[in-house]
>>> print(open('coords07.tsv').read())   # TSV, C-alpha atoms
chain	number	residue	atom	x	y	z
W	19	ILE	CA	135.85	103.42	2.54
W	20	TYR	CA	132.87	105.63	1.74
W	21	VAL	CA	132.83	108.01	-1.25
W	22	ARG	CA	130.37	110.71	-2.30
W	23	VAL	CA	130.46	112.69	-5.54
W	24	TYR	CA	129.06	116.19	-6.04
W	25	GLU	CA	125.95	115.90	-8.23
W	26	GLU	CA	126.83	118.96	-10.32
W	27	ARG	CA	130.62	118.52	-10.25
W	28	MET	CA	131.66	114.99	-11.12
W	29	ASP	CA	135.29	116.13	-10.81
W	30	LEU	CA	134.88	116.61	-7.04
W	31	LEU	CA	134.66	113.73	-4.56
W	32	ARG	CA	134.88	113.34	-0.80
W	33	ALA	CA	136.02	110.09	0.78
W	34	ALA	CA	135.81	108.80	4.35
W	35	VAL	CA	138.45	106.18	5.14
W	36	ILE	CA	138.12	104.00	8.25
W	37	GLY	CA	141.39	103.15	9.98
W	38	ALA	CA	142.23	99.45	9.76
W	39	PRO	CA	142.34	97.06	12.77
W	40	GLY	CA	145.80	96.46	14.21
W	41	THR	CA	146.96	100.02	13.41
W	42	PRO	CA	147.07	103.13	15.64
W	43	TYR	CA	144.28	104.46	13.40
W	44	HIS	CA	141.80	101.65	14.15
W	45	ASP	CA	138.15	102.76	14.34
W	46	GLY	CA	139.08	106.32	13.30
W	47	LEU	CA	137.51	108.24	10.41
W	48	PHE	CA	139.75	110.15	8.01
W	49	PHE	CA	138.34	112.50	5.35
W	50	PHE	CA	139.89	113.31	1.98
W	51	ASP	CA	138.72	115.68	-0.76
W	52	ILE	CA	139.57	114.60	-4.30
W	53	PHE	CA	139.73	116.81	-7.40
W	54	LEU	CA	140.04	115.34	-10.88
W	55	PRO	CA	141.97	117.91	-12.95
W	56	PRO	CA	140.99	118.57	-16.60
W	57	GLU	CA	143.96	116.42	-17.71
W	58	TYR	CA	142.71	113.39	-15.73
W	59	PRO	CA	143.46	110.49	-16.22
W	60	ASN	CA	146.68	111.61	-17.93
W	61	GLU	CA	147.41	113.43	-14.66
W	62	PRO	CA	146.68	111.92	-11.20
W	63	PRO	CA	143.86	113.23	-9.02
W	64	MET	CA	144.66	115.94	-6.48
W	65	VAL	CA	143.94	114.85	-2.90
W	66	HIS	CA	143.50	117.07	0.17
W	67	TYR	CA	143.41	115.63	3.69
W	68	ASN	CA	140.99	117.25	6.15
W	69	SER	CA	143.43	117.45	9.06
W	70	SER	CA	141.63	119.66	11.62
W	71	GLY	CA	145.14	121.06	12.11
W	72	LEU	CA	146.44	117.72	13.40
W	73	ARG	CA	149.43	115.68	12.15
W	74	VAL	CA	148.37	112.04	12.37
W	75	ASN	CA	150.92	110.58	9.96
W	76	PRO	CA	154.26	111.43	8.28
W	77	ASN	CA	152.51	111.45	4.87
W	78	LEU	CA	149.54	113.60	5.93
W	79	TYR	CA	150.36	117.23	6.69
W	80	GLU	CA	148.43	119.74	8.81
W	81	SER	CA	148.10	121.80	5.61
W	82	GLY	CA	146.19	118.93	3.98
W	83	LYS	CA	149.05	117.87	1.71
W	84	VAL	CA	149.16	114.12	1.01
W	85	CYS	CA	152.58	112.60	0.19
W	86	LEU	CA	152.03	109.54	-2.00
W	87	SER	CA	153.97	108.29	-5.02
W	88	LEU	CA	150.72	107.39	-6.79
W	89	LEU	CA	149.70	111.08	-6.65
W	90	ASN	CA	153.14	112.16	-7.89
W	91	THR	CA	153.62	114.07	-4.62
W	92	TRP	CA	156.44	111.72	-3.57
W	93	THR	CA	159.21	109.85	-5.36
W	94	GLY	CA	158.51	106.40	-6.73
W	95	SER	CA	158.98	104.12	-9.72
W	96	GLY	CA	157.08	101.55	-11.76
W	97	THR	CA	153.62	100.76	-10.42
W	98	GLU	CA	154.18	103.12	-7.46
W	99	VAL	CA	153.60	106.19	-9.64
W	100	TRP	CA	150.47	107.24	-11.55
W	101	SER	CA	149.85	105.48	-14.86
W	102	PRO	CA	147.09	106.90	-17.14
W	103	GLU	CA	146.51	103.38	-18.52
W	104	SER	CA	146.17	101.41	-15.28
W	105	SER	CA	145.92	103.65	-12.17
W	106	THR	CA	142.51	104.27	-10.59
W	107	ILE	CA	140.88	106.31	-7.83
W	108	LEU	CA	140.17	103.04	-6.00
W	109	GLN	CA	143.91	102.35	-6.03
W	110	VAL	CA	144.50	105.79	-4.48
W	111	LEU	CA	141.90	105.19	-1.76
W	112	LEU	CA	143.29	101.76	-0.88
W	113	SER	CA	146.81	103.23	-0.78
W	114	LEU	CA	145.63	105.87	1.70
W	115	GLN	CA	144.10	103.19	3.91
W	116	ALA	CA	146.73	100.44	3.65
W	117	LEU	CA	150.04	102.14	2.81
W	118	ILE	CA	149.70	105.44	4.70
W	119	LEU	CA	147.44	104.58	7.66
W	120	ASN	CA	149.43	101.42	8.37
W	121	GLU	CA	150.63	99.45	11.43
W	122	LYS	CA	153.97	101.27	11.78
W	123	PRO	CA	153.62	104.76	10.26
W	124	TYR	CA	156.93	105.91	11.80
W	125	PHE	CA	158.75	104.08	9.02
W	126	ASN	CA	156.81	106.06	6.37
W	127	GLU	CA	159.15	108.98	7.08
W	128	ALA	CA	161.80	109.37	4.39
W	129	GLY	CA	164.84	107.18	5.15
W	130	TYR	CA	163.41	105.76	8.38
W	131	ASP	CA	162.63	102.40	6.76
W	132	LYS	CA	166.35	101.58	7.22
W	133	GLN	CA	165.72	101.51	11.00
W	134	MET	CA	163.06	98.79	10.69
W	135	GLY	CA	163.96	95.78	12.82
W	136	ARG	CA	166.58	97.71	14.82
W	137	ALA	CA	165.99	98.24	18.53
W	138	GLU	CA	166.06	102.06	18.38
W	139	GLY	CA	163.86	102.23	15.29
W	140	GLU	CA	161.26	99.88	16.77
W	141	LYS	CA	161.28	101.85	20.05
W	142	ASN	CA	160.70	105.10	18.13
W	143	SER	CA	157.94	103.37	16.17
W	144	VAL	CA	156.12	102.41	19.38
W	145	SER	CA	156.33	106.03	20.61
W	146	TYR	CA	155.05	107.29	17.26
W	147	ASN	CA	152.11	104.87	17.41
W	148	GLU	CA	151.18	106.13	20.86
W	149	ASN	CA	151.12	109.70	19.63
W	150	ALA	CA	149.27	108.71	16.43
W	151	PHE	CA	146.48	107.11	18.48
W	152	LEU	CA	146.22	110.18	20.73
W	153	VAL	CA	145.97	112.47	17.69
W	154	SER	CA	143.48	110.09	16.07
W	155	CYS	CA	141.31	110.35	19.21
W	156	LYS	CA	141.53	114.16	19.07
W	157	SER	CA	140.40	114.07	15.44
W	158	MET	CA	137.40	111.95	16.55
W	159	LEU	CA	136.43	114.73	18.97
W	160	TYR	CA	136.62	117.30	16.13
W	161	LEU	CA	134.51	115.09	13.85
W	162	LEU	CA	131.84	114.55	16.50
W	163	ARG	CA	131.70	118.29	17.14
W	164	LYS	CA	131.73	119.34	13.48
W	165	PRO	CA	131.21	116.50	10.99
W	166	PRO	CA	131.97	117.22	7.31
W	167	LYS	CA	128.95	118.39	5.30
W	168	HIS	CA	126.77	115.57	3.91
W	169	PHE	CA	128.62	113.05	6.10
W	170	GLU	CA	126.84	113.91	9.36
W	171	ALA	CA	124.79	110.68	9.40
W	172	LEU	CA	127.83	108.55	8.54
W	173	VAL	CA	129.88	110.06	11.38
W	174	GLU	CA	127.11	109.39	13.92
W	175	GLU	CA	126.48	105.86	12.65
W	176	HIS	CA	130.20	105.05	12.58
W	177	PHE	CA	130.85	106.16	16.14
W	178	SER	CA	127.67	104.57	17.48
W	179	GLN	CA	129.01	101.26	16.11
W	180	HIS	CA	132.68	101.77	17.05
W	181	SER	CA	132.55	103.78	20.30
W	182	LYS	CA	132.72	100.70	22.55
W	183	ASN	CA	135.77	99.35	20.67
W	184	ILE	CA	137.47	102.76	20.93
W	185	LEU	CA	136.83	103.09	24.68
W	186	LEU	CA	137.82	99.46	25.39
W	187	ALA	CA	141.04	100.04	23.44
W	188	CYS	CA	141.75	103.19	25.48
W	189	LYS	CA	141.29	101.17	28.66
W	190	ALA	CA	143.59	98.39	27.39
W	191	TYR	CA	146.27	100.93	26.40
W	192	MET	CA	146.05	102.64	29.80
W	193	GLU	CA	146.70	99.22	31.33
W	194	GLY	CA	149.82	98.78	29.19
W	195	ALA	CA	148.69	97.03	25.99
W	196	PRO	CA	150.71	98.16	22.94
W	197	VAL	CA	148.79	100.38	20.50
W	198	GLY	CA	146.97	98.34	17.89
W	199	CYS	CA	147.13	95.19	20.02
W	200	ALA	CA	143.73	95.45	21.69
W	201	PHE	CA	141.22	92.68	20.94
W	202	GLY	CA	143.72	89.91	20.25
W	203	TYR	CA	145.95	91.57	17.63
W	204	ARG	CA	149.16	89.81	18.56
W	205	ARG	CA	152.58	91.28	18.03
W	206	SER	CA	156.01	89.82	18.73
W	207	GLU	CA	156.90	88.87	22.31
W	208	GLN	CA	159.45	91.69	22.45
W	209	GLU	CA	156.85	94.29	21.49
W	210	SER	CA	154.18	93.01	23.86
W	211	HIS	CA	156.61	93.34	26.79
W	212	GLN	CA	157.40	96.98	26.03
W	213	GLY	CA	154.10	98.28	27.39
W	214	SER	CA	152.86	101.85	27.09
W	215	SER	CA	154.89	104.85	28.25
W	216	THR	CA	153.81	106.69	31.40
W	217	GLY	CA	153.33	110.00	29.56
W	218	TYR	CA	151.10	108.32	27.02
W	219	LYS	CA	148.92	106.75	29.73
W	220	ILE	CA	148.54	110.17	31.42
W	221	MET	CA	147.54	111.85	28.13
W	222	LEU	CA	145.10	109.05	27.33
W	223	ALA	CA	143.55	109.27	30.81
W	224	LYS	CA	142.81	112.95	30.10
W	225	LEU	CA	141.31	112.20	26.67
W	226	PHE	CA	139.19	109.26	27.82
W	227	PRO	CA	136.47	111.25	29.68
W	228	LYS	CA	136.28	113.71	26.76
W	229	LEU	CA	135.56	110.82	24.38
W	230	VAL	CA	132.95	109.41	26.76
W	231	GLU	CA	131.29	112.83	26.97
W	232	ALA	CA	131.39	113.38	23.19
W	233	PHE	CA	129.87	109.94	22.50
W	234	SER	CA	127.23	110.44	25.22
W	235	ASP	CA	126.28	113.82	23.71
W	236	LYS	CA	125.40	111.95	20.50
W	237	GLY	CA	123.07	109.66	22.42
W	238	ILE	CA	125.53	106.75	22.54
W	239	ASP	CA	125.25	104.68	25.73
W	240	CYS	CA	128.60	104.86	27.55
W	241	SER	CA	127.23	104.12	31.03
W	242	GLU	CA	129.47	101.09	31.61
W	243	PHE	CA	132.54	103.29	31.19
W	244	ILE	CA	131.19	106.09	33.40
W	245	GLU	CA	130.26	103.67	36.20
W	246	ARG	CA	133.73	102.19	36.28
W	247	GLY	CA	134.99	105.68	37.00
W	248	ILE	CA	138.01	105.36	34.75
>>> encode(input="coords07.tsv", output="structure tokens")
Amino acid sequence: IYVRVYEERMDLLRAAVIGAPGTPYHDGLFFFDIFLPPEYPNEPPMVHYNSSGLRVNPNLYESGKVCLSLLNTWTGSGTEVWSPESSTILQVLLSLQALILNEKPYFNEAGYDKQMGRAEGEKNSVSYNENAFLVSCKSMLYLLRKPPKHFEALVEEHFSQHSKNILLACKAYMEGAPVGCAFGYRRSEQESHQGSSTGYKIMLAKLFPKLVEAFSDKGIDCSEFIERGI
């Protein structure tokens, strides 16, 4: 997680959160603007997600709204809600990365957690993960085209380091690996036999050359992926 603060406005911050391995958000970059209201820390910070008009997660809206108990934008109790005595911005950032951008975001939707472990719920979760990865890839294309101000160098450095992982994951998913399971992230036997849906593979095959082109435009060597003609 990378954070920058405005020099003349210490109440304004911008954070870049990297998606964790084993999730449909792996290797992605997600940007959040944070405003500390005058009542802070008696009131929680206000957080806006830079969505590029894309819905990557049940808790992150196209409008930029972030649903999180810690921000008092969702129901919660005890340590889940903001406490002026103990809650911190670091806690908010880690919640965004670990609780929202998690392995099975489908179950973040209100009431859907009851479906966890049931065949239909797990099937829906796999479909949601496929779509979440597709949308995450689209957001990468937006970031490469128009990186957030003052984060241009970070965006280029991040994708120069992660582009190979991203493209190898795309290849693995097109060959049927479940989302988040590339590079040895093992799931249950039942999940690993489900494979990727045909529609998902078709959509990914259309996105793949666009990612290769966008990375190449930034001077990143993608020749091994071009030569394979995938």
>>> residues_around(input="coords07.tsv", residues="Ala150 (chain W)", least_positions_apart="2", cutoff="9 Å", atoms="only C-alpha atoms", output="list in words")
Pro42, Tyr43, Arg73, Val74, Asn75, Pro123, Ser145, Tyr146, Asn147, Glu148, Leu152, Val153, Ser154 and Cys155 of chain W
>>> atom_distance(input="coords07.tsv", atom1="CA of Leu78 (chain W)", atom2="CA of Val197 (chain W)")
19.7 Å
>>> residues_around(input="coords07.tsv", residues="region 84-86 of chain W", least_positions_apart="2", cutoff="12 Å", atoms="only C-alpha atoms", output="PDB file with C-alpha atoms, in the frame of the given file")
ATOM      1  CA  PHE W  49     138.340 112.500   5.350  1.00  0.00           C
ATOM      2  CA  PHE W  50     139.890 113.310   1.980  1.00  0.00           C
ATOM      3  CA  ASP W  51     138.720 115.680  -0.760  1.00  0.00           C
ATOM      4  CA  ILE W  52     139.570 114.600  -4.300  1.00  0.00           C
ATOM      5  CA  PRO W  62     146.680 111.920 -11.200  1.00  0.00           C
ATOM      6  CA  PRO W  63     143.860 113.230  -9.020  1.00  0.00           C
ATOM      7  CA  MET W  64     144.660 115.940  -6.480  1.00  0.00           C
ATOM      8  CA  VAL W  65     143.940 114.850  -2.900  1.00  0.00           C
ATOM      9  CA  HIS W  66     143.500 117.070   0.170  1.00  0.00           C
ATOM     10  CA  TYR W  67     143.410 115.630   3.690  1.00  0.00           C
ATOM     11  CA  ASN W  68     140.990 117.250   6.150  1.00  0.00           C
ATOM     12  CA  SER W  69     143.430 117.450   9.060  1.00  0.00           C
ATOM     13  CA  ARG W  73     149.430 115.680  12.150  1.00  0.00           C
ATOM     14  CA  VAL W  74     148.370 112.040  12.370  1.00  0.00           C
ATOM     15  CA  ASN W  75     150.920 110.580   9.960  1.00  0.00           C
ATOM     16  CA  PRO W  76     154.260 111.430   8.280  1.00  0.00           C
ATOM     17  CA  ASN W  77     152.510 111.450   4.870  1.00  0.00           C
ATOM     18  CA  LEU W  78     149.540 113.600   5.930  1.00  0.00           C
ATOM     19  CA  TYR W  79     150.360 117.230   6.690  1.00  0.00           C
ATOM     20  CA  GLU W  80     148.430 119.740   8.810  1.00  0.00           C
ATOM     21  CA  SER W  81     148.100 121.800   5.610  1.00  0.00           C
ATOM     22  CA  GLY W  82     146.190 118.930   3.980  1.00  0.00           C
ATOM     23  CA  LEU W  88     150.720 107.390  -6.790  1.00  0.00           C
ATOM     24  CA  LEU W  89     149.700 111.080  -6.650  1.00  0.00           C
ATOM     25  CA  ASN W  90     153.140 112.160  -7.890  1.00  0.00           C
ATOM     26  CA  THR W  91     153.620 114.070  -4.620  1.00  0.00           C
ATOM     27  CA  TRP W  92     156.440 111.720  -3.570  1.00  0.00           C
ATOM     28  CA  THR W  93     159.210 109.850  -5.360  1.00  0.00           C
ATOM     29  CA  GLY W  94     158.510 106.400  -6.730  1.00  0.00           C
ATOM     30  CA  SER W  95     158.980 104.120  -9.720  1.00  0.00           C
ATOM     31  CA  GLU W  98     154.180 103.120  -7.460  1.00  0.00           C
ATOM     32  CA  VAL W  99     153.600 106.190  -9.640  1.00  0.00           C
ATOM     33  CA  TRP W 100     150.470 107.240 -11.550  1.00  0.00           C
ATOM     34  CA  GLN W 109     143.910 102.350  -6.030  1.00  0.00           C
ATOM     35  CA  VAL W 110     144.500 105.790  -4.480  1.00  0.00           C
ATOM     36  CA  LEU W 111     141.900 105.190  -1.760  1.00  0.00           C
ATOM     37  CA  LEU W 112     143.290 101.760  -0.880  1.00  0.00           C
ATOM     38  CA  SER W 113     146.810 103.230  -0.780  1.00  0.00           C
ATOM     39  CA  LEU W 114     145.630 105.870   1.700  1.00  0.00           C
ATOM     40  CA  GLN W 115     144.100 103.190   3.910  1.00  0.00           C
ATOM     41  CA  ALA W 116     146.730 100.440   3.650  1.00  0.00           C
ATOM     42  CA  LEU W 117     150.040 102.140   2.810  1.00  0.00           C
ATOM     43  CA  ILE W 118     149.700 105.440   4.700  1.00  0.00           C
ATOM     44  CA  LEU W 119     147.440 104.580   7.660  1.00  0.00           C
ATOM     45  CA  ASN W 126     156.810 106.060   6.370  1.00  0.00           C
ATOM     46  CA  GLU W 127     159.150 108.980   7.080  1.00  0.00           C
ATOM     47  CA  ALA W 128     161.800 109.370   4.390  1.00  0.00           C
TER      48      ALA W 128
END
>>> atom_distance(input="coords07.tsv", atom1="CA of Gly237 (chain W)", atom2="CA of Leu222 (chain W)")
22.6 Å
>>> atom_distance(input="coords07.tsv", atom1="CA of Gly40 (chain W)", atom2="CA of Gly198 (chain W)")
4.3 Å
>>> axis_aligned_box(input="coords07.tsv", around="region 182-193 of chain W", padding_each_side="8 Å", output="lines of an AutoDock Vina configuration file")
center_x = 139.7
center_y = 100.8
center_z = 26.0
size_x = 30.0
size_y = 20.8
size_z = 26.7
>>> closest_residue(input="coords07.tsv", among="W:Tyr160, W:Tyr124, W:Phe53, W:Phe48", to="Ile107 (chain W)", atoms="all atoms listed in the file")
W:Phe53
>>> closest_residue(input="coords07.tsv", among="W:Pro166, W:Gly96, W:Gly71, W:Pro56", to="Leu30 (chain W)", atoms="all atoms listed in the file")
W:Pro56
